[in-house]
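Structure data (compact mmCIF, C-alpha atoms) from coords_15.txt:
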```
# COMPACT_ATOMS: atom_id res chain seq x y z
CA MET W 22 0.00 0.00 0.00
CA GLY W 23 1.23 3.47 -0.87
CA ILE W 24 0.40 6.91 0.46
CA TYR W 25 -2.48 7.32 -2.01
CA GLU W 26 -3.98 3.91 -1.32
CA ASP W 27 -3.81 4.61 2.41
CA ILE W 28 -6.58 7.18 2.02
CA GLY W 29 -8.52 5.29 -0.64
CA VAL W 30 -7.14 6.90 -3.82
CA ARG W 31 -5.91 4.74 -6.70
CA PRO W 32 -2.93 6.26 -8.55
CA VAL W 33 -2.97 6.37 -12.35
CA ILE W 34 -0.38 5.82 -15.03
CA ASN W 35 -0.47 9.15 -16.84
CA ALA W 36 -0.72 8.67 -20.61
CA ILE W 37 -2.66 11.90 -21.13
CA GLY W 38 0.05 14.52 -20.65
CA THR W 39 0.38 17.40 -18.20
CA ALA W 40 -3.32 17.96 -17.46
CA THR W 41 -4.06 19.61 -14.12
CA ARG W 42 -6.77 17.10 -13.21
CA TYR W 43 -4.17 14.32 -12.98
CA GLY W 44 -1.43 16.27 -11.22
CA GLY W 45 0.48 18.15 -13.92
CA ALA W 46 4.08 16.93 -13.71
CA LEU W 47 6.41 15.03 -11.39
CA LEU W 48 8.76 17.20 -9.32
CA ASP W 49 12.51 16.75 -9.56
CA PRO W 50 14.16 15.96 -6.18
CA GLU W 51 16.14 19.22 -6.48
CA ILE W 52 12.84 21.11 -6.51
CA MET W 53 11.64 19.32 -3.40
CA GLU W 54 14.91 20.16 -1.64
CA THR W 55 14.58 23.80 -2.69
CA MET W 56 11.12 23.91 -1.12
CA ARG W 57 12.45 22.39 2.10
CA VAL W 58 15.24 24.95 2.38
CA ALA W 59 12.93 27.88 1.57
CA SER W 60 10.46 26.74 4.22
CA ARG W 61 13.00 27.30 7.03
CA GLU W 62 13.02 31.11 6.84
CA PHE W 63 10.56 33.99 6.46
CA CYS W 64 10.58 37.01 4.16
CA LEU W 65 8.44 39.86 2.85
CA LEU W 66 6.38 38.10 0.21
CA ASP W 67 5.93 41.16 -2.01
CA GLU W 68 9.71 41.69 -1.96
CA LEU W 69 10.23 38.03 -2.86
CA HIS W 70 7.79 38.35 -5.77
CA GLU W 71 9.69 41.36 -7.09
CA ARG W 72 13.13 39.75 -6.85
CA ALA W 73 11.88 36.41 -8.21
CA GLY W 74 10.31 38.19 -11.18
CA GLU W 75 13.56 40.00 -11.89
CA LYS W 76 15.49 36.73 -11.81
CA VAL W 77 13.01 34.93 -14.08
CA ALA W 78 13.04 37.85 -16.52
CA ARG W 79 16.84 37.62 -16.74
CA MET W 80 16.65 33.86 -17.25
CA LEU W 81 14.23 34.24 -20.17
CA GLY W 82 15.57 37.49 -21.57
CA VAL W 83 12.19 39.26 -21.27
CA GLU W 84 11.24 42.69 -19.95
CA ALA W 85 9.51 41.54 -16.77
CA ALA W 86 8.01 38.49 -15.08
CA TYR W 87 5.75 37.51 -12.19
CA VAL W 88 5.27 34.11 -10.53
CA THR W 89 1.59 33.35 -9.89
CA ALA W 90 -0.54 30.70 -8.25
CA SER W 91 -1.33 28.84 -11.52
CA ALA W 92 -2.12 29.98 -15.04
CA ALA W 93 -5.78 30.40 -14.06
CA CYS W 94 -4.67 32.93 -11.47
CA GLY W 95 -2.75 34.57 -14.31
CA LEU W 96 -6.01 35.05 -16.18
CA VAL W 97 -7.47 36.85 -13.17
CA ILE W 98 -4.63 39.20 -12.39
CA THR W 99 -3.69 40.05 -16.00
CA SER W 100 -7.32 41.04 -16.63
CA ALA W 101 -7.37 43.04 -13.41
CA ALA W 102 -4.06 44.70 -14.28
CA CYS W 103 -5.37 45.85 -17.67
CA MET W 104 -8.42 47.44 -16.00
CA THR W 105 -6.82 49.02 -12.94
CA GLY W 106 -3.16 49.56 -13.64
CA THR W 107 -1.55 50.30 -10.29
CA ASP W 108 -4.34 52.63 -9.10
CA PRO W 109 -5.07 51.49 -5.51
CA GLU W 110 -8.65 52.79 -5.54
CA ARG W 111 -9.52 50.87 -8.69
CA ILE W 112 -7.80 47.76 -7.37
CA ARG W 113 -9.95 47.88 -4.23
CA GLN W 114 -13.06 48.56 -6.30
CA LEU W 115 -12.94 45.30 -8.31
CA PRO W 116 -15.04 43.35 -9.21
CA ASP W 117 -17.10 46.54 -9.53
CA THR W 118 -15.80 47.96 -12.82
CA THR W 119 -17.76 51.23 -12.81
CA GLY W 120 -15.75 53.92 -14.56
CA MET W 121 -13.18 51.49 -15.97
CA ARG W 122 -12.49 49.95 -19.34
CA ASP W 123 -13.89 46.50 -18.65
CA GLU W 124 -14.39 44.66 -21.97
CA VAL W 125 -12.08 41.82 -22.98
CA VAL W 126 -12.35 41.11 -26.69
CA VAL W 127 -12.03 37.43 -27.66
CA GLN W 128 -12.72 35.37 -30.76
CA LYS W 129 -14.96 32.33 -30.40
CA THR W 130 -11.97 30.22 -31.50
CA HIS W 131 -10.07 31.42 -28.45
CA ARG W 132 -12.80 30.77 -25.88
CA ILE W 133 -11.99 28.18 -23.20
CA ALA W 134 -13.79 26.94 -20.09
CA TYR W 135 -11.13 28.58 -17.93
CA ASP W 136 -11.85 32.08 -19.21
CA GLN W 137 -14.41 32.23 -16.43
CA ALA W 138 -11.37 33.39 -14.45
CA ILE W 139 -11.36 36.60 -16.48
CA ARG W 140 -14.95 37.30 -15.46
CA LEU W 141 -14.07 36.92 -11.78
CA THR W 142 -12.60 40.41 -12.01
CA GLY W 143 -15.89 41.88 -13.22
CA ALA W 144 -14.63 42.08 -16.80
CA LYS W 145 -17.06 41.36 -19.63
CA LEU W 146 -16.09 39.06 -22.49
CA VAL W 147 -16.99 40.39 -25.93
CA GLU W 148 -17.07 37.32 -28.16
CA LEU W 149 -16.46 37.62 -31.90
CA ASP W 150 -17.99 35.06 -34.25
CA ASP W 151 -15.33 33.58 -36.53
CA SER W 152 -17.30 30.84 -38.27
CA ASP W 153 -16.74 32.53 -41.63
CA GLY W 154 -13.05 33.17 -41.15
CA PRO W 155 -10.87 35.63 -39.25
CA PRO W 156 -13.13 38.43 -37.93
CA VAL W 157 -10.68 41.24 -38.61
CA GLU W 158 -13.22 44.04 -38.99
CA ALA W 159 -15.35 42.77 -36.09
CA MET W 160 -12.24 42.83 -33.88
CA ARG W 161 -11.38 46.32 -35.04
CA ALA W 162 -14.91 47.47 -34.21
CA ALA W 163 -14.92 45.74 -30.81
CA ILE W 164 -11.62 47.36 -29.86
CA GLY W 165 -12.92 50.67 -31.17
CA ASP W 166 -11.16 53.71 -29.77
CA GLY W 167 -10.17 51.84 -26.61
CA ALA W 168 -12.78 53.58 -24.49
CA ARG W 169 -14.37 50.28 -23.37
CA ALA W 170 -11.83 47.61 -24.36
CA ALA W 171 -9.45 46.70 -21.53
CA ALA W 172 -7.66 43.95 -23.43
CA VAL W 173 -7.72 41.47 -26.30
CA PHE W 174 -7.49 37.84 -25.19
CA TYR W 175 -5.72 35.32 -27.43
CA LEU W 176 -5.26 31.57 -26.96
CA GLY W 177 -1.68 30.64 -27.76
CA LYS W 178 -2.32 27.09 -28.95
CA ASN W 179 -4.80 28.35 -31.56
CA PHE W 180 -2.60 31.05 -33.03
CA LYS W 181 -2.34 29.13 -36.33
CA ASN W 182 -6.05 28.32 -36.53
CA ASP W 183 -7.43 29.21 -39.96
CA ASN W 184 -10.19 31.28 -38.35
CA ALA W 185 -7.90 33.21 -36.04
CA VAL W 186 -6.96 36.79 -36.69
CA PRO W 187 -3.13 36.61 -36.96
CA LEU W 188 -1.58 37.59 -33.65
CA GLU W 189 0.57 40.33 -35.17
CA GLN W 190 -2.54 41.85 -36.78
CA ALA W 191 -4.52 41.67 -33.52
CA VAL W 192 -1.59 43.31 -31.72
CA ALA W 193 -1.38 46.11 -34.30
CA MET W 194 -5.11 46.90 -34.02
CA ALA W 195 -5.03 46.82 -30.22
CA HIS W 196 -1.85 48.83 -29.83
CA ALA W 197 -3.16 51.53 -32.17
CA VAL W 198 -5.52 52.59 -29.35
CA ASP W 199 -3.34 51.54 -26.39
CA VAL W 200 -5.18 48.27 -25.64
CA PRO W 201 -3.00 45.40 -24.33
CA VAL W 202 -3.04 41.86 -25.72
CA ILE W 203 -3.06 38.91 -23.29
CA VAL W 204 -1.95 35.48 -24.54
CA ASP W 205 -2.81 32.31 -22.64
CA ALA W 206 -0.06 29.78 -23.37
CA ALA W 207 -0.67 27.74 -20.22
CA SER W 208 0.17 24.25 -21.42
CA GLU W 209 2.51 25.13 -24.27
CA CYS W 210 6.19 24.00 -24.52
CA PRO W 211 8.20 22.36 -25.83
CA PRO W 212 9.81 23.85 -27.84
CA VAL W 213 11.57 26.22 -25.45
CA SER W 214 11.05 29.04 -27.98
CA THR W 215 7.35 29.03 -27.03
CA LEU W 216 8.34 30.81 -23.81
CA THR W 217 9.22 33.98 -25.73
CA ARG W 218 7.58 33.69 -29.16
CA PHE W 219 4.41 35.54 -28.15
CA THR W 220 6.13 38.50 -26.47
CA GLU W 221 8.40 38.69 -29.49
CA ALA W 222 5.24 38.88 -31.64
CA GLY W 223 4.10 41.89 -29.61
CA ALA W 224 1.84 40.42 -26.91
CA ASP W 225 1.85 42.54 -23.77
CA LEU W 226 1.23 39.76 -21.23
CA VAL W 227 1.75 36.03 -21.71
CA ILE W 228 0.61 33.39 -19.22
CA PHE W 229 2.13 29.94 -18.62
CA SER W 230 1.40 27.14 -16.18
CA GLY W 231 4.27 26.41 -13.85
CA GLY W 232 3.15 22.86 -13.18
CA LYS W 233 2.76 21.48 -16.69
CA SER W 234 5.57 21.48 -19.25
CA LEU W 235 7.87 23.53 -17.01
CA GLN W 236 7.55 20.75 -14.42
CA GLY W 237 7.29 22.95 -11.37
CA PRO W 238 4.74 22.84 -8.56
CA GLN W 239 1.23 22.33 -9.90
CA SER W 240 0.01 25.41 -8.04
CA THR W 241 2.38 27.85 -9.79
CA GLY W 242 2.19 29.88 -12.96
CA LEU W 243 4.13 32.55 -14.80
CA ILE W 244 3.29 35.88 -16.43
CA ILE W 245 5.82 37.64 -18.63
CA GLY W 246 5.53 40.89 -20.52
CA ARG W 247 5.54 44.67 -20.25
CA LYS W 248 7.13 45.97 -17.07
CA ASP W 249 4.32 48.42 -16.26
CA LEU W 250 1.66 45.74 -16.66
CA ILE W 251 3.66 43.19 -14.66
CA SER W 252 3.83 45.78 -11.87
CA ALA W 253 0.05 46.09 -12.12
CA CYS W 254 -0.27 42.29 -11.93
CA ALA W 255 1.83 42.29 -8.75
CA VAL W 256 -0.34 44.80 -6.90
CA ASN W 257 -3.48 42.90 -7.97
CA GLY W 258 -2.07 39.68 -6.48
CA THR W 259 -1.09 38.23 -3.14
CA PRO W 260 -0.28 39.25 -0.39
CA PHE W 261 -2.48 42.32 -0.96
CA ALA W 262 -6.24 42.64 -0.38
CA THR W 263 -7.31 42.27 -4.02
CA VAL W 264 -9.31 40.00 -6.31
CA GLY W 265 -6.12 37.95 -6.58
CA ARG W 266 -5.68 37.56 -2.82
CA PRO W 267 -7.34 34.11 -2.55
CA MET W 268 -4.84 32.74 -5.10
CA LYS W 269 -1.82 32.45 -2.84
CA VAL W 270 1.54 31.20 -3.99
CA SER W 271 3.84 30.43 -1.08
CA ARG W 272 7.48 31.40 -0.68
CA GLU W 273 8.42 27.73 -1.02
CA GLU W 274 6.54 27.46 -4.32
CA ILE W 275 8.10 30.63 -5.73
CA PHE W 276 11.62 29.29 -5.08
CA ALA W 277 10.55 25.89 -6.39
CA PHE W 278 9.27 27.44 -9.62
CA ILE W 279 12.57 29.25 -10.16
CA LYS W 280 14.45 25.99 -9.66
CA ALA W 281 12.06 24.16 -12.01
CA LEU W 282 12.56 26.79 -14.71
CA GLU W 283 16.32 26.60 -14.27
CA ILE W 284 16.21 22.81 -14.68
CA TYR W 285 13.88 23.06 -17.67
CA LEU W 286 16.02 25.59 -19.52
CA ASN W 287 19.09 23.40 -19.02
CA ARG W 288 17.46 20.10 -20.03
CA ASP W 289 18.60 18.15 -23.07
CA HIS W 290 15.38 18.68 -24.99
CA ALA W 291 16.53 16.58 -27.92
CA THR W 292 16.96 13.62 -25.57
CA ASP W 293 13.48 14.21 -24.16
CA ALA W 294 12.00 14.27 -27.66
CA ALA W 295 13.79 11.07 -28.61
CA ALA W 296 12.55 9.32 -25.46
CA TRP W 297 8.94 10.36 -26.13
CA GLU W 298 9.17 9.15 -29.71
CA GLU W 299 10.63 5.83 -28.60
CA LYS W 300 7.74 5.28 -26.16
CA VAL W 301 5.09 6.17 -28.73
CA ARG W 302 6.70 3.96 -31.37
CA TYR W 303 6.84 1.01 -28.95
CA ILE W 304 3.14 1.32 -28.13
CA GLU W 305 2.31 1.77 -31.81
CA GLU W 306 4.17 -1.39 -32.75
CA GLU W 307 2.55 -3.38 -29.94
CA LEU W 308 -0.96 -2.34 -30.99
CA ALA W 309 -0.44 -2.90 -34.70
CA GLY W 310 -2.62 -5.54 -36.30
CA ILE W 311 -5.54 -5.51 -33.86
CA PRO W 312 -8.73 -6.02 -35.92
CA HIS W 313 -10.91 -2.93 -36.42
CA VAL W 314 -8.30 -0.65 -34.86
CA SER W 315 -6.24 1.85 -36.84
CA LEU W 316 -3.29 3.87 -35.60
CA GLY W 317 -1.93 7.26 -36.53
CA ARG W 318 -0.26 10.35 -35.15
CA LEU W 319 -1.86 13.58 -34.08
CA ASP W 320 -0.68 16.55 -36.10
CA PRO W 321 2.26 18.17 -34.30
CA GLU W 322 1.62 21.59 -32.79
CA ALA W 323 4.00 24.50 -33.21
CA THR W 324 3.76 25.36 -29.52
CA TYR W 325 3.58 21.84 -28.05
CA ALA W 326 5.93 19.47 -29.85
CA VAL W 327 5.24 16.15 -28.12
CA PRO W 328 4.45 13.12 -30.37
CA GLN W 329 1.06 11.56 -29.68
CA LEU W 330 -0.52 8.33 -30.85
CA LYS W 331 -4.11 8.36 -32.07
CA VAL W 332 -6.08 5.12 -31.71
CA THR W 333 -9.20 4.93 -33.90
CA ILE W 334 -11.78 2.20 -33.28
CA ASP W 335 -14.14 1.02 -36.06
CA HIS W 336 -17.83 0.39 -35.37
CA GLU W 337 -17.28 -3.37 -35.88
CA ALA W 338 -14.84 -3.58 -32.98
CA GLY W 339 -17.48 -4.33 -30.36
CA LEU W 340 -16.54 -1.30 -28.25
CA THR W 341 -16.37 2.46 -28.56
CA GLY W 342 -13.62 4.83 -27.65
CA ASP W 343 -15.56 5.75 -24.52
CA ASP W 344 -15.73 2.06 -23.57
CA ALA W 345 -11.97 1.67 -24.04
CA VAL W 346 -11.14 4.77 -22.00
CA LYS W 347 -13.37 3.58 -19.17
CA ALA W 348 -11.90 0.07 -19.24
CA LEU W 349 -8.37 1.46 -19.00
CA LEU W 350 -9.32 3.75 -16.13
CA ASP W 351 -11.23 1.07 -14.24
CA GLY W 352 -8.61 -1.66 -14.75
CA SER W 353 -5.45 -2.51 -12.90
CA PRO W 354 -3.10 -0.78 -13.17
CA ARG W 355 -5.24 2.28 -13.73
CA ILE W 356 -4.35 4.16 -16.93
CA ILE W 357 -5.64 7.54 -18.11
CA VAL W 358 -5.61 8.35 -21.82
CA GLN W 359 -7.14 11.23 -23.77
CA ASP W 360 -10.79 10.56 -24.57
CA ARG W 361 -11.68 11.32 -28.19
CA GLY W 362 -15.30 10.23 -28.01
CA GLU W 363 -16.73 7.18 -29.68
CA GLU W 364 -14.04 7.07 -32.33
CA GLY W 365 -11.15 6.32 -29.97
CA PHE W 366 -8.49 7.88 -27.79
CA SER W 367 -4.95 9.20 -27.89
CA ILE W 368 -1.80 8.49 -25.90
CA ASN W 369 0.61 11.23 -24.82
CA PRO W 370 4.04 10.08 -23.53
CA HIS W 371 4.96 13.36 -21.83
CA ASN W 372 4.50 11.94 -18.31
CA LEU W 373 5.16 8.26 -18.95
CA GLN W 374 8.00 7.04 -16.75
CA ASP W 375 10.55 4.56 -18.12
CA GLY W 376 8.92 1.17 -18.57
CA GLN W 377 5.36 2.43 -18.28
CA GLU W 378 4.99 2.39 -22.06
CA ARG W 379 5.11 -1.41 -21.83
CA ILE W 380 2.29 -1.47 -19.28
CA VAL W 381 0.22 0.96 -21.37
CA ALA W 382 0.76 -1.10 -24.53
CA GLN W 383 -0.18 -4.36 -22.78
CA ARG W 384 -3.35 -2.98 -21.20
CA CYS W 385 -4.44 -1.22 -24.40
CA ARG W 386 -3.95 -4.43 -26.36
CA GLU W 387 -5.98 -6.39 -23.81
CA VAL W 388 -8.83 -3.90 -23.93
CA LEU W 389 -8.85 -3.41 -27.69
CA ALA W 390 -8.43 -7.07 -28.64
CA GLY W 391 -10.92 -8.20 -25.99
CA GLY W 392 -13.67 -5.83 -27.06
CA GLY W 393 -13.38 -3.87 -23.81
CA SER W 394 -13.87 -6.85 -21.52
CA ALA W 395 -10.29 -6.94 -20.19
```

Just give me the structure as structure tokens.
Amino acid sequence: MGIYEDIGVRPVINAIGTATRYGGALLDPEIMETMRVASREFCLLDELHERAGEKVARMLGVEAAYVTASAACGLVITSAACMTGTDPERIRQLPDTTGMRDEVVVQKTHRIAYDQAIRLTGAKLVELDDSDGPPVEAMRAAIGDGARAAAVFYLGKNFKNDNAVPLEQAVAMAHAVDVPVIVDAASECPPVSTLTRFTEAGADLVIFSGGKSLQGPQSTGLIIGRKDLISACAVNGTPFATVGRPMKVSREEIFAFIKALEIYLNRDHATDAAAWEEKVRYIEEELAGIPHVSLGRLDPEATYAVPQLKVTIDHEAGLTGDDAVKALLDGSPRIIVQDRGEEGFSINPHNLQDGQERIVAQRCREVLAGGGSA
């Protein structure tokens, strides 16, 4: 029995990636030791935030940075920062936005469930329909003269979507009337260049999760961007009495994030990529030839370059993708894969530990060849 089983929780083999629901990433022992050391002394938390941000900015070669309590927290305090700046009266006033620019312009393509975090500040989302292609003129009209628009929100992973207004064009329209652009790149990386590609394209604030690809504590996040707006993020966050106050990030977690980023930037990313490919290829070879099952690869993403195996199940197989996902989750050992509805599922090796690809391949073969009864 392990620590999880002791309280009635069954661990999972993570073949879905760095999703928050399953724990994000595993922490390097150096990170755990950093947390232990940091826990033995006290400090002024706002001073620590400032110095940590300066260090992270130097590490990435960006103008300014701020360590948050998750990327979702980043959505809250970047939105707040764009509405209030560093004005203490406005900061205290939120989520009442009376007298402020409080509209956040967003294409339908860039909407996500987590953008509820933006509305926690009192901001209003102005959604642009993009079913007929990039809504350039609709975005220009929604931004207007900047009298109501506080920001334009852009989802990093969809920046190459055919219906998306190109980021550089959105930036140009917004900046023409002094409206900032916020990019959510929470789960992006590798490649490492993702960490700076959006600021280099002109985005004013870019948000990352600290506990996904960067492999830091799950409850951390990162904002990089314009120095004045990062300062506004800081005064809208902890330890101050603001809308960001409930989203604490501890001193231990701040130091742990810095250590995680240091480790990540110094990793041999080519070796990581080769290991992921080897795991995916092994599973692919082991599942080849199962009747009514076809295998392929998901199209690689420019901002998340991890190979992923797509398993498609024909109607004649005697089970659906939902059945297979449930069988894998309910079985022993417990395995989580990415549900893709009735048609099948996908396997992401990002968090597979050495040897786990063999367990995943064996269990998938049992489930798929047995019609879900394994």

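Atom to atom, atom CA of W:Gly232 and atom CA of W:Thr39 stand 7.9 Å apart.
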
Taking (2.8, 38.3, -35.1) in the file's coordinates, which residues come within 9 Å, counting only C-alpha atoms, written as a list of chain:residue names?
W:Pro187, W:Leu188, W:Glu189, W:Gln190, W:Ala191, W:Val192, W:Ala193, W:Arg218, W:Phe219, W:Glu221, W:Ala222, W:Gly223, W:Ala224

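Every protein or nucleic acid residue with an atom no more than 6 Å from W:Leu243, counting only C-alpha atoms and leaving out same-chain residues fewer than 4 positions away, appears here: Tyr87, Val88, Thr89, Ile228 and Phe229 of chain W.
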
Selection from above, C-alpha atoms, as a compact mmCIF listing (two decimals), in the frame of the given file, can you write it?
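In the end it all went to out_17.txt:
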```
# COMPACT_ATOMS: atom_id res chain seq x y z
CA TYR W 87 5.75 37.51 -12.19
CA VAL W 88 5.27 34.11 -10.53
CA THR W 89 1.59 33.35 -9.89
CA ILE W 228 0.61 33.39 -19.22
CA PHE W 229 2.13 29.94 -18.62
```

Write out as a short mmCIF file (atom, residue, chain, number, x, y, z; two decimals) with C-alpha atoms, in the frame of the given file the residues lying within 10 Å of W:Arg132, counting all atoms listed in the file and excluding same-chain residues fewer than 4 positions away.
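The resulting out_4.cif:
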```cif
data_model
loop_
_atom_site.label_atom_id
_atom_site.label_comp_id
_atom_site.auth_asym_id
_atom_site.auth_seq_id
_atom_site.Cartn_x
_atom_site.Cartn_y
_atom_site.Cartn_z
CA VAL W 127 -12.03 37.43 -27.66
CA GLN W 128 -12.72 35.37 -30.76
CA ASP W 136 -11.85 32.08 -19.21
CA GLN W 137 -14.41 32.23 -16.43
CA LEU W 146 -16.09 39.06 -22.49
CA GLU W 148 -17.07 37.32 -28.16
CA LEU W 149 -16.46 37.62 -31.90
CA PHE W 174 -7.49 37.84 -25.19
CA TYR W 175 -5.72 35.32 -27.43
CA LEU W 176 -5.26 31.57 -26.96
#
```

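Applying the 7 Å criterion to (3.4, 27.7, -5.3) in file coordinates and using only C-alpha atoms, one obtains the residues Ala90, Pro238, Ser240, Thr241, Val270, Ser271, Glu273, Glu274 and Ile275 of chain W.
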
Just the number, please: distance in Å from atom CA of W:Ile311 to atom CA of W:Gln383, one decimal.
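Between atom CA of W:Ile311 and atom CA of W:Gln383 the gap works out to 12.4 Å.
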
Repair of stretch 46-58 of chain W at the level of N, CA and C atoms, as a PDB file, keeping the file's coordinate frame:
```
ATOM      1  N   ALA W  46       2.784  17.544 -13.439  1.00  0.00           N
ATOM      2  CA  ALA W  46       4.080  16.930 -13.710  1.00  0.00           C
ATOM      3  C   ALA W  46       4.682  16.396 -12.411  1.00  0.00           C
ATOM      4  N   LEU W  47       5.670  15.520 -12.553  1.00  0.00           N
ATOM      5  CA  LEU W  47       6.410  15.030 -11.390  1.00  0.00           C
ATOM      6  C   LEU W  47       7.526  16.019 -11.043  1.00  0.00           C
ATOM      7  N   LEU W  48       7.754  16.239  -9.751  1.00  0.00           N
ATOM      8  CA  LEU W  48       8.760  17.200  -9.320  1.00  0.00           C
ATOM      9  C   LEU W  48      10.128  16.538  -9.162  1.00  0.00           C
ATOM     10  N   ASP W  49      11.130  17.188  -9.716  1.00  0.00           N
ATOM     11  CA  ASP W  49      12.510  16.750  -9.560  1.00  0.00           C
ATOM     12  C   ASP W  49      12.907  16.833  -8.080  1.00  0.00           C
ATOM     13  N   PRO W  50      13.718  15.898  -7.584  1.00  0.00           N
ATOM     14  CA  PRO W  50      14.160  15.960  -6.180  1.00  0.00           C
ATOM     15  C   PRO W  50      14.821  17.285  -5.812  1.00  0.00           C
ATOM     16  N   GLU W  51      15.517  17.919  -6.764  1.00  0.00           N
ATOM     17  CA  GLU W  51      16.140  19.220  -6.480  1.00  0.00           C
ATOM     18  C   GLU W  51      15.087  20.271  -6.135  1.00  0.00           C
ATOM     19  N   ILE W  52      13.926  20.165  -6.780  1.00  0.00           N
ATOM     20  CA  ILE W  52      12.840  21.110  -6.510  1.00  0.00           C
ATOM     21  C   ILE W  52      12.295  20.881  -5.104  1.00  0.00           C
ATOM     22  N   MET W  53      12.126  19.638  -4.740  1.00  0.00           N
ATOM     23  CA  MET W  53      11.640  19.320  -3.400  1.00  0.00           C
ATOM     24  C   MET W  53      12.606  19.821  -2.331  1.00  0.00           C
ATOM     25  N   GLU W  54      13.900  19.681  -2.591  1.00  0.00           N
ATOM     26  CA  GLU W  54      14.910  20.160  -1.640  1.00  0.00           C
ATOM     27  C   GLU W  54      14.886  21.687  -1.555  1.00  0.00           C
ATOM     28  N   THR W  55      14.688  22.346  -2.685  1.00  0.00           N
ATOM     29  CA  THR W  55      14.580  23.800  -2.690  1.00  0.00           C
ATOM     30  C   THR W  55      13.409  24.258  -1.833  1.00  0.00           C
ATOM     31  N   MET W  56      12.287  23.573  -1.929  1.00  0.00           N
ATOM     32  CA  MET W  56      11.120  23.910  -1.120  1.00  0.00           C
ATOM     33  C   MET W  56      11.418  23.729   0.368  1.00  0.00           C
ATOM     34  N   ARG W  57      12.123  22.650   0.691  1.00  0.00           N
ATOM     35  CA  ARG W  57      12.450  22.390   2.100  1.00  0.00           C
ATOM     36  C   ARG W  57      13.309  23.509   2.663  1.00  0.00           C
ATOM     37  N   VAL W  58      14.333  23.901   1.915  1.00  0.00           N
ATOM     38  CA  VAL W  58      15.240  24.950   2.380  1.00  0.00           C
ATOM     39  C   VAL W  58      14.494  26.281   2.529  1.00  0.00           C
TER      40      VAL W  58
END
```
